[in-house]
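J.: Quick one: the structure is below, questions incoming.
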Amino acid sequence: MAPVCETSRAFRKAAAEPPVFKPSAADVVAAVESLYADEVRPHGRILLKRLGERAASQAAAAHFATVSHRNLVENVPRIDANRLRNVCERSRQLRVELEESGEYCALLAGRRETFVDASVNVDEYPEQLWLAASAFFAGPLAANLVLPGGRYACAQALLSLRLPFLAGLSLGRVCHIVQLAISKRRLLGYLNGQVVPYCRSEAVVKEFCAQMQQVAVLGPRAVPALPLATLEQARSCLWEMLSGEDGKPVSVPLPNVKRLFRSRFNLDLSETALGQSRLCELLQEPCFHDVCAVLPDRKSTRLNSSHGSNLV
């Protein structure tokens, strides 16, 4: 009976896995064309998503099924990323351009680029749009709204709601609006990796907890698993962390700091318990100036030593 059960389990697992889609050169060029129409720069990871979406939409249409945004996301087939890049590099209709991040873009040869840079923090949208957006995200229709964490997927989900203040805007424009709504306008924020109205976001919880100097309870962990670091412990542990094993100053990516506190010192570093809503703001307080400096890097923000020969 055991072999039969194993076979049955393997069959169910295979049936549950999404199908594999091997896009042709024509499929890839058509997907790139669609991203141009959306004013979205065709980065490799975005092109991969777009190909999957188009394949899922075509499969649904072949079965006369109604395609909703949710169904599209749930039925995206698997695509080999390396194979996709090879198809792009072999196509005469495409020009592959490498970027500093290691990402690549598949651009149409000879076509003018009219993409929206969604990372730019410049707001050129009419105030009426933001007033309408503010009313929606703070209103009852958005009370239980939860959007995908990625900017591209979040913009798609918003467009699927057919909101009047987004009517006529390209996907690229809505990606930029999502970015500004999070980074500048405080209309949206993050909660457990997803995008929600700002009033329900982690930022609001952390701001309240910082005012009360309490630990912000976020995610599945209900209470801190380890003792909380006091201000003096935070200073001494950071000094030791940034001294390195040989005593020479080192730098540490800011996202790794809390993990290192737990693994090396058996302490939880809570910025809200120490009066700040963000870790980078805590570590830029005057009481840490002689210990560390927070500096931007090409790929991330890093924590650098402020003592020894490598003073920064």
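Quick note on naming: the chains in the structure tokens go A, B, ... in the order shown, residues restart at 1 in each chain, and ligands are numbered from 1 in order of appearance.
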If you count only C-alpha atoms, which residues fall within 9 Å of A:Leu48, apart from same-chain ones fewer than 3 positions away, as a PDB file with N, CA and C atoms, in the first residue's frame?
T.:
```
ATOM      1  N   HIS A  43      12.148  45.628 -16.959  1.00  0.00           N
ATOM      2  CA  HIS A  43      13.177  44.894 -16.218  1.00  0.00           C
ATOM      3  C   HIS A  43      12.895  43.397 -16.335  1.00  0.00           C
ATOM      4  N   GLY A  44      13.936  42.600 -16.181  1.00  0.00           N
ATOM      5  CA  GLY A  44      13.775  41.159 -16.322  1.00  0.00           C
ATOM      6  C   GLY A  44      12.703  40.587 -15.417  1.00  0.00           C
ATOM      7  N   ARG A  45      12.679  41.021 -14.152  1.00  0.00           N
ATOM      8  CA  ARG A  45      11.707  40.460 -13.205  1.00  0.00           C
ATOM      9  C   ARG A  45      10.278  40.880 -13.564  1.00  0.00           C
ATOM     10  N   LEU A  51       4.827  38.122 -18.751  1.00  0.00           N
ATOM     11  CA  LEU A  51       4.655  36.921 -19.570  1.00  0.00           C
ATOM     12  C   LEU A  51       3.723  35.929 -18.890  1.00  0.00           C
ATOM     13  N   GLY A  52       3.906  35.756 -17.581  1.00  0.00           N
ATOM     14  CA  GLY A  52       3.039  34.847 -16.837  1.00  0.00           C
ATOM     15  C   GLY A  52       1.594  35.309 -16.834  1.00  0.00           C
ATOM     16  N   GLU A  53       1.396  36.615 -16.662  1.00  0.00           N
ATOM     17  CA  GLU A  53       0.041  37.175 -16.663  1.00  0.00           C
ATOM     18  C   GLU A  53      -0.640  36.975 -18.014  1.00  0.00           C
ATOM     19  N   ILE A  79       7.867  30.111 -15.292  1.00  0.00           N
ATOM     20  CA  ILE A  79       8.709  30.425 -16.451  1.00  0.00           C
ATOM     21  C   ILE A  79      10.157  30.418 -16.001  1.00  0.00           C
ATOM     22  N   ASP A  80      11.004  29.776 -16.762  1.00  0.00           N
ATOM     23  CA  ASP A  80      12.426  29.720 -16.433  1.00  0.00           C
ATOM     24  C   ASP A  80      13.073  31.077 -16.726  1.00  0.00           C
ATOM     25  N   ALA A  81      13.604  31.723 -15.675  1.00  0.00           N
ATOM     26  CA  ALA A  81      14.168  33.064 -15.828  1.00  0.00           C
ATOM     27  C   ALA A  81      15.404  33.075 -16.724  1.00  0.00           C
ATOM     28  N   LEU A  84      14.327  32.786 -20.324  1.00  0.00           N
ATOM     29  CA  LEU A  84      13.771  34.055 -20.788  1.00  0.00           C
ATOM     30  C   LEU A  84      14.883  35.015 -21.181  1.00  0.00           C
TER      31      LEU A  84
END
```
J.: I'd like the contact shell of stretch 24-34 of chain A - 9 Å cut-off, only C-alpha atoms, skipping same-chain residues fewer than 6 positions apart - returned as a ChimeraX atom specification.
T.: /A:40-42,47,50-51,54,84,87-88,90-91,93-94,106-108
J.: DSSP on the backbone: what in stretch 61-277 of chain A comes out helix (DSSP H, G or I), as a VMD selection string?
T.: chain A and resid 61 to 62 69 to 74 81 to 90 127 to 137 140 to 142 151 to 160 164 to 166 171 to 183 198 to 200 202 to 212 231 to 243 254 to 265
J.: Those same residues - C-alpha atoms - I'd like them written as a tab-separated table (two decimals), in the first residue's frame.
T.:
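Ended up saving to out38.tsv:
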```tsv
chain	number	residue	atom	x	y	z
A	61	ALA	CA	-9.83	33.03	-22.56
A	62	ALA	CA	-9.36	29.66	-24.29
A	69	HIS	CA	-7.12	40.16	-11.11
A	70	ARG	CA	-7.09	37.54	-8.35
A	71	ASN	CA	-7.59	34.65	-10.78
A	72	LEU	CA	-4.80	36.00	-12.95
A	73	VAL	CA	-2.36	36.05	-10.02
A	74	GLU	CA	-3.34	32.58	-8.81
A	81	ALA	CA	14.17	33.06	-15.83
A	82	ASN	CA	17.44	31.98	-17.45
A	83	ARG	CA	15.64	30.76	-20.56
A	84	LEU	CA	13.77	34.05	-20.79
A	85	ARG	CA	17.01	36.03	-20.69
A	86	ASN	CA	18.49	33.82	-23.41
A	87	VAL	CA	15.45	34.45	-25.61
A	88	CYS	CA	15.84	38.21	-25.07
A	89	GLU	CA	19.54	38.16	-25.93
A	90	ARG	CA	18.97	36.18	-29.14
A	127	GLU	CA	-3.91	68.02	-5.82
A	128	GLN	CA	-7.44	66.91	-6.73
A	129	LEU	CA	-6.10	63.40	-7.32
A	130	TRP	CA	-4.50	63.28	-3.89
A	131	LEU	CA	-7.62	64.64	-2.19
A	132	ALA	CA	-9.71	61.91	-3.81
A	133	ALA	CA	-7.12	59.27	-2.96
A	134	SER	CA	-6.97	60.46	0.65
A	135	ALA	CA	-10.76	60.31	0.96
A	136	PHE	CA	-10.84	56.78	-0.45
A	137	PHE	CA	-8.01	55.28	1.63
A	140	PRO	CA	-15.12	52.91	4.77
A	141	LEU	CA	-14.57	51.32	1.33
A	142	ALA	CA	-10.88	50.85	2.21
A	151	ARG	CA	4.81	48.31	-6.25
A	152	TYR	CA	3.94	46.74	-9.63
A	153	ALA	CA	1.43	44.24	-8.17
A	154	CYS	CA	-0.03	46.89	-5.85
A	155	ALA	CA	-0.63	49.23	-8.81
A	156	GLN	CA	-2.30	46.43	-10.77
A	157	ALA	CA	-4.61	45.65	-7.85
A	158	LEU	CA	-5.58	49.31	-7.51
A	159	LEU	CA	-6.34	49.59	-11.22
A	160	SER	CA	-8.54	46.49	-10.97
A	164	PRO	CA	-12.25	57.18	-10.50
A	165	PHE	CA	-9.17	59.16	-9.45
A	166	LEU	CA	-6.93	56.67	-11.31
A	171	LEU	CA	0.17	51.28	-14.98
A	172	GLY	CA	3.52	53.05	-14.82
A	173	ARG	CA	1.84	56.22	-13.52
A	174	VAL	CA	-0.06	54.25	-10.88
A	175	CYS	CA	3.19	52.57	-9.79
A	176	HIS	CA	4.60	56.07	-9.24
A	177	ILE	CA	1.48	57.13	-7.34
A	178	VAL	CA	1.82	54.07	-5.09
A	179	GLN	CA	5.43	55.05	-4.37
A	180	LEU	CA	4.47	58.65	-3.52
A	181	ALA	CA	1.45	57.53	-1.47
A	182	ILE	CA	3.83	55.51	0.72
A	183	SER	CA	6.97	57.62	0.82
A	198	TYR	CA	-1.69	54.34	6.33
A	199	CYS	CA	-3.96	54.46	9.40
A	200	ARG	CA	-3.56	50.66	9.71
A	202	GLU	CA	3.12	49.43	10.94
A	203	ALA	CA	4.36	53.03	10.89
A	204	VAL	CA	1.31	54.26	12.84
A	205	VAL	CA	1.62	51.42	15.37
A	206	LYS	CA	5.31	52.14	15.82
A	207	GLU	CA	4.79	55.89	16.18
A	208	PHE	CA	2.25	55.30	18.95
A	209	CYS	CA	4.50	52.75	20.68
A	210	ALA	CA	7.49	55.10	20.42
A	211	GLN	CA	5.52	57.85	22.17
A	212	MET	CA	4.67	55.38	24.94
A	231	LEU	CA	20.14	52.25	25.94
A	232	GLU	CA	23.49	51.42	27.55
A	233	GLN	CA	23.32	47.83	26.30
A	234	ALA	CA	22.48	49.06	22.80
A	235	ARG	CA	25.52	51.35	22.82
A	236	SER	CA	27.94	48.72	24.13
A	237	CYS	CA	26.64	45.95	21.83
A	238	LEU	CA	26.83	48.19	18.78
A	239	TRP	CA	30.40	49.17	19.72
A	240	GLU	CA	31.36	45.50	19.94
A	241	MET	CA	29.47	44.60	16.73
A	242	LEU	CA	31.17	47.33	14.72
A	243	SER	CA	34.62	46.59	16.11
A	254	LEU	CA	21.11	48.20	8.71
A	255	PRO	CA	18.53	45.39	8.13
A	256	ASN	CA	20.95	42.94	9.82
A	257	VAL	CA	21.40	44.89	13.05
A	258	LYS	CA	18.41	43.47	14.96
A	259	ARG	CA	19.19	39.93	13.85
A	260	LEU	CA	22.77	40.29	15.09
A	261	PHE	CA	21.54	41.61	18.43
A	262	ARG	CA	19.47	38.46	18.85
A	263	SER	CA	22.08	35.97	17.65
A	264	ARG	CA	25.19	37.51	19.25
A	265	PHE	CA	23.91	39.20	22.39
```
J.: Using only C-alpha atoms, find the one residue out of A:Ala138, A:Leu161, A:Leu303, A:Ala55 that sits nearest to A:Leu279.
T.: A:Leu303
J.: Please return, as a list in words, all residues of stretch 129-213 of chain A that DSSP assigns to strand (DSSP E or B) on the basis of the backbone.
T.: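 So, restricting stretch 129-213 of chain A to strand (DSSP E or B), we get Leu147, Leu188, Gly189, Tyr190, Leu191, Gln194, Val195, Val196 and Pro197 of chain A.
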J.: Rounded to one decimal, what separation in Å do you get between atom CA of A:Val195 and atom CA of A:Gly150?
T.: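 About the pair atom CA of A:Val195 and atom CA of A:Gly150: they are 8.3 Å apart.
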J.: What gap, in Å, lies between atom CA of A:Asp268 and atom CA of A:Glu281?
T.: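 Computing it gives 17.0 Å between the two atoms.
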J.: One decimal, in Å: what's the spacing between atom CA of A:Leu188 and atom CA of A:Ser277?
T.: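 Straight-line distance from atom CA of A:Leu188 to atom CA of A:Ser277 works out to 16.6 Å.
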